[in-house]
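Q: So here's run-v9.csv, just CSV, C-alpha atoms:
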```
chain,number,residue,atom,x,y,z
A,1339,MET,CA,3.7,-4.7,-22.6
A,1340,ASN,CA,4.2,-1.2,-23.8
A,1341,SER,CA,3.6,2.3,-22.6
A,1342,SER,CA,0.2,2.5,-24.4
A,1343,GLN,CA,-1.4,0.6,-21.5
A,1344,TYR,CA,-4.0,2.3,-19.4
A,1345,PRO,CA,-3.9,1.1,-15.8
A,1346,ILE,CA,-7.0,1.4,-13.6
A,1347,ALA,CA,-6.7,1.9,-9.8
A,1348,ARG,CA,-8.9,-0.3,-7.7
A,1349,LYS,CA,-11.4,1.6,-5.6
A,1350,SER,CA,-13.9,-1.0,-4.5
A,1351,GLY,CA,-13.4,-2.7,-1.1
A,1352,LEU,CA,-10.9,-0.1,0.0
A,1353,VAL,CA,-11.0,2.6,2.7
A,1354,ILE,CA,-8.8,5.5,1.5
A,1355,GLN,CA,-7.5,8.3,3.8
A,1356,GLU,CA,-5.4,11.1,2.2
A,1357,MET,CA,-2.7,12.6,4.3
A,1358,PRO,CA,-0.5,15.6,3.4
A,1359,ASP,CA,2.4,13.5,2.1
A,1360,GLU,CA,0.9,10.1,1.7
A,1361,VAL,CA,-2.2,8.1,1.1
A,1362,LEU,CA,-3.3,5.3,3.5
A,1363,VAL,CA,-5.3,2.5,1.9
A,1364,TYR,CA,-7.0,-0.3,3.9
A,1365,ASP,CA,-8.1,-3.3,1.8
A,1366,LEU,CA,-11.3,-4.7,3.4
A,1367,ASN,CA,-11.0,-7.9,1.2
A,1368,ASN,CA,-7.7,-9.1,2.7
A,1369,ASN,CA,-7.3,-6.9,5.9
A,1370,LYS,CA,-4.1,-5.3,4.6
A,1371,ALA,CA,-3.1,-1.7,5.2
A,1372,HIS,CA,-1.0,0.1,2.6
A,1373,CYS,CA,0.9,3.4,2.9
A,1374,LEU,CA,1.6,5.0,-0.5
A,1375,ASN,CA,4.2,7.7,-0.4
A,1376,GLN,CA,3.6,10.9,-2.4
A,1377,THR,CA,5.0,9.5,-5.6
A,1378,ALA,CA,3.1,6.2,-5.5
A,1379,ALA,CA,-0.1,8.0,-4.5
A,1380,THR,CA,0.2,10.5,-7.4
A,1381,ILE,CA,0.7,7.6,-9.9
A,1382,TRP,CA,-2.2,5.5,-8.3
A,1383,LYS,CA,-4.6,8.5,-8.5
A,1384,ALA,CA,-3.6,9.0,-12.2
A,1385,CYS,CA,-4.5,5.3,-13.0
A,1386,ASP,CA,-8.0,6.1,-14.3
A,1387,GLY,CA,-8.2,3.9,-17.3
A,1388,ASN,CA,-8.0,6.9,-19.6
A,1389,THR,CA,-4.4,7.9,-19.0
A,1390,SER,CA,-1.5,6.0,-20.5
A,1391,VAL,CA,1.7,5.1,-18.7
A,1392,SER,CA,3.6,7.8,-20.8
A,1393,GLU,CA,0.9,10.4,-19.9
A,1394,ILE,CA,1.2,9.4,-16.2
A,1395,SER,CA,4.9,9.9,-16.5
A,1396,ARG,CA,4.3,13.5,-17.7
A,1397,ILE,CA,1.9,14.1,-14.7
A,1398,CYS,CA,4.8,13.2,-12.4
A,1399,GLY,CA,6.6,16.3,-13.7
A,1400,ASP,CA,10.0,17.0,-15.3
A,1401,ALA,CA,11.8,14.4,-13.2
A,1402,GLY,CA,9.1,11.8,-14.0
A,1403,ASN,CA,10.0,9.0,-16.3
A,1404,GLU,CA,8.3,5.8,-17.5
A,1405,ASP,CA,10.6,3.6,-15.4
A,1406,LEU,CA,9.4,5.4,-12.3
A,1407,VAL,CA,5.7,4.9,-13.3
A,1408,TRP,CA,6.3,1.2,-14.2
A,1409,LEU,CA,8.0,0.7,-10.8
A,1410,ALA,CA,4.9,2.1,-9.1
A,1411,ILE,CA,2.5,0.1,-11.3
A,1412,ASP,CA,4.5,-3.1,-10.4
A,1413,GLN,CA,4.1,-2.4,-6.7
A,1414,LEU,CA,0.4,-1.4,-7.1
A,1415,SER,CA,-0.3,-4.6,-9.0
A,1416,GLU,CA,1.7,-6.7,-6.5
A,1417,ASN,CA,-0.5,-5.2,-3.7
A,1418,ASP,CA,-3.8,-5.8,-5.6
A,1419,LEU,CA,-4.4,-2.0,-5.9
A,1420,LEU,CA,-5.2,-2.1,-9.6
A,1421,GLU,CA,-8.4,-3.5,-11.2
A,1422,LYS,CA,-6.3,-5.9,-13.4
A,1423,SER,CA,-2.7,-7.1,-12.7
A,1424,MET,CA,-0.1,-5.6,-15.0
A,1425,LEU,CA,3.4,-6.7,-15.6
A,1426,ALA,CA,5.9,-3.9,-15.5
A,1427,ASP,CA,7.8,-3.1,-18.7
A,1428,PHE,CA,11.4,-2.6,-17.4
A,1429,ARG,CA,12.8,-3.3,-20.9
A,1430,GLY,CA,15.0,-6.2,-19.8
A,1431,GLN,CA,16.2,-4.6,-16.6
A,1432,SER,CA,15.7,-6.0,-13.1
A,1433,ARG,CA,13.6,-4.1,-10.6
A,1434,ARG,CA,16.8,-3.4,-8.6
A,1435,ASP,CA,18.5,-1.9,-11.7
A,1436,VAL,CA,15.5,0.3,-12.3
A,1437,ILE,CA,15.5,1.5,-8.7
A,1438,LYS,CA,19.2,2.3,-8.9
A,1439,LYS,CA,18.7,4.2,-12.2
A,1440,ILE,CA,15.8,6.2,-10.9
A,1441,GLY,CA,17.6,7.0,-7.6
A,1442,LEU,CA,20.7,8.3,-9.3
A,1443,ALA,CA,18.9,10.2,-12.1
A,1444,SER,CA,16.2,11.9,-10.2
A,1445,VAL,CA,15.4,13.9,-7.1
A,1446,VAL,CA,11.9,12.5,-7.1
A,1447,ALA,CA,11.2,10.0,-4.4
A,1448,VAL,CA,11.1,6.4,-5.6
A,1449,PRO,CA,7.5,5.2,-5.3
A,1450,ILE,CA,7.1,3.1,-2.1
A,1451,ILE,CA,4.2,1.1,-0.8
A,1452,ALA,CA,4.6,-0.1,2.7
A,1453,SER,CA,2.0,-2.8,3.6
A,1454,LEU,CA,1.1,-4.8,6.7
A,1455,VAL,CA,-1.6,-7.3,7.5
A,1456,ALA,CA,-4.1,-6.0,10.0
A,1457,PRO,CA,-5.9,-8.4,12.5
A,1458,LYS,CA,-9.3,-9.7,11.6
A,1459,ASN,CA,-12.2,-7.7,13.1
A,1460,ALA,CA,-13.1,-10.4,15.6
A,1461,LEU,CA,-9.5,-10.5,16.9
A,1462,ALA,CA,-9.1,-6.8,16.9
A,1463,ALA,CA,-12.1,-6.4,19.1
A,1464,GLN,CA,-10.7,-8.6,21.8
A,1465,SER,CA,-8.4,-7.0,24.2
A,1466,CYS,CA,-6.5,-8.4,27.1
A,1467,GLY,CA,-5.6,-5.0,28.5
A,1468,CYS,CA,-6.3,-4.3,32.1
A,1469,VAL,CA,-5.7,-2.1,35.1
A,1470,ASN,CA,-6.4,-4.6,37.8
A,1471,ASN,CA,-7.1,-8.4,38.3
A,1472,ASN,CA,-10.8,-7.8,38.5
A,1473,GLN,CA,-10.9,-6.7,34.8
A,1474,CYS,CA,-9.4,-10.1,33.8
A,1475,ILE,CA,-12.0,-12.0,35.8
A,1476,THR,CA,-15.3,-10.2,35.4
A,1477,GLY,CA,-14.6,-7.2,33.1
A,1478,PRO,CA,-14.9,-7.0,29.4
A,1479,ASN,CA,-11.8,-9.2,29.0
A,1480,ALA,CA,-13.4,-12.2,30.9
A,1481,GLY,CA,-13.3,-15.2,28.6
A,1482,ALA,CA,-11.2,-13.4,26.0
A,1483,CYS,CA,-7.9,-13.8,27.8
A,1484,SER,CA,-6.2,-16.9,29.2
A,1485,SER,CA,-5.4,-15.5,32.6
A,1486,THR,CA,-7.0,-13.9,35.6
A,1487,THR,CA,-4.0,-11.9,36.6
A,1488,CYS,CA,-3.2,-8.4,35.4
A,1489,ASN,CA,0.6,-8.1,35.0
A,1490,SER,CA,2.8,-5.1,35.3
A,1491,SER,CA,2.5,-4.4,31.6
A,1492,GLY,CA,-1.3,-4.0,31.9
A,1493,ILE,CA,-2.1,-7.3,30.2
A,1494,CYS,CA,-4.2,-10.3,31.6
A,1495,ALA,CA,-1.3,-12.8,31.5
A,1496,PRO,CA,0.2,-15.5,33.7
```
For this file, produce the structure as structure tokens.

A:
Amino acid sequence: MNSSQYPIARKSGLVIQEMPDEVLVYDLNNNKAHCLNQTAATIWKACDGNTSVSEISRICGDAGNEDLVWLAIDQLSENDLLEKSMLADFRGQSRRDVIKKIGLASVVAVPIIASLVAPKNALAAQSCGCVNNNQCITGPNAGACSSTTCNSSGICAP
């Protein structure tokens, strides 16, 4: 693959919340939450299908380079945040080598996407939290939890 590619950020099936220094993305299709740091978010927003990798690199500013953009695209693709998967063009280098090279040559933050799997809606709605034993027996937790005793941590548990 070469730098004339035009990545497209996926927008459907996502809940997107922009914060001052990051973008939070919740994927409704697989219940995954992603936190894109400022660098990854800038690159993801630039993936409009009309902007090439080399143009995205220029958007990142003076310190931006194509390796930085390819690293972000690699992570975005891996986390299913692009319309179509793309293989990063690291020109024979490993991802680790690219990260080292970017880190040493730049003051720009390396693009990072932190992800975690969120509980399914049905599981998220159930709570075994309590204040007293009565909530474990007859309250909203009745039937949802395996115990009738509210422990010292505020959980219906043995």

Q: Can you work out which one of A:Asn1417, A:Gln1473, A:Ser1423, A:Thr1487 has the shortest atom-to-atom distance to Lys1370 of chain A, counting all atoms listed in the file?

A: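 Closest to Lys1370 of chain A, using all atoms listed in the file: A:Asn1417.
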
Q: Which neighbours of Asn1375 of chain A fall inside 6 Å, counting all atoms listed in the file, when residues of the same chain fewer than 4 positions from it are skipped, and could you give them as JSON, numbers by chain?

A: {"A": [1360, 1379, 1450]}

Q: Can you list, as a list in words, every protein, DNA or RNA residue that comes within 7 Å of Leu1419 of chain A when you count only C-alpha atoms, leaving out same-chain residues fewer than 5 positions away?

A: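 Near Leu1419 of chain A, the qualifying residues are Ala1347, Arg1348 and Leu1414 of chain A.
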
Q: Those residues with C-alpha atoms, as a PDB file, in the coordinates of the input please?

A:
```
ATOM      1  CA  ALA A1347      -6.700   1.900  -9.800  1.00  0.00           C
ATOM      2  CA  ARG A1348      -8.900  -0.300  -7.700  1.00  0.00           C
ATOM      3  CA  LEU A1414       0.400  -1.400  -7.100  1.00  0.00           C
TER       4      LEU A1414
END
```

Q: Please, what distance in Å, to one decimal, runs between atom CA of Ser1390 of chain A and atom CA of Trp1408 of chain A?

A: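 If I compute the distance from atom CA of Ser1390 of chain A to atom CA of Trp1408 of chain A, I get 11.1 Å.
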
Q: Taking into account only C-alpha atoms, which residue in the set A:Cys1494, A:Thr1380, A:Ser1392, A:Leu1374 is nearest to Ala1452 of chain A?

A: A:Leu1374

Q: Do you have the atom CA of Ile1346 of chain A-atom CA of Glu1393 of chain A distance handy?

A: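 Separating atom CA of Ile1346 of chain A from atom CA of Glu1393 of chain A is a distance of 13.5 Å.
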
Q: What is the distance, in Å and to one decimal place, between atom CA of Cys1373 of chain A and atom CA of Leu1454 of chain A?

A: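 Those two atoms sit 9.0 Å apart.
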
Q: Set the distance at 7 Å and use all atoms listed in the file: which residues neighbour Cys1488 of chain A once local chain neighbours fewer than 3 positions away are removed? I'd like the list as a PDB file with C-alpha atoms, in the coordinates of the input.

A:
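Final file, selection_5.pdb:
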```
ATOM      1  CA  CYS A1468      -6.300  -4.300  32.100  1.00  0.00           C
ATOM      2  CA  VAL A1469      -5.700  -2.100  35.100  1.00  0.00           C
ATOM      3  CA  ASN A1470      -6.400  -4.600  37.800  1.00  0.00           C
ATOM      4  CA  ASN A1471      -7.100  -8.400  38.300  1.00  0.00           C
ATOM      5  CA  CYS A1474      -9.400 -10.100  33.800  1.00  0.00           C
ATOM      6  CA  GLY A1492      -1.300  -4.000  31.900  1.00  0.00           C
ATOM      7  CA  ILE A1493      -2.100  -7.300  30.200  1.00  0.00           C
ATOM      8  CA  CYS A1494      -4.200 -10.300  31.600  1.00  0.00           C
ATOM      9  CA  ALA A1495      -1.300 -12.800  31.500  1.00  0.00           C
TER      10      ALA A1495
END
```

Q: Using only C-alpha atoms, which of the listed residues (A:Asp1359, A:Leu1420, A:Ile1354, A:Gly1387) sits closest to His1372 of chain A?

A: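 Residue with the minimum atom-to-atom distance to His1372 of chain A: A:Ile1354.
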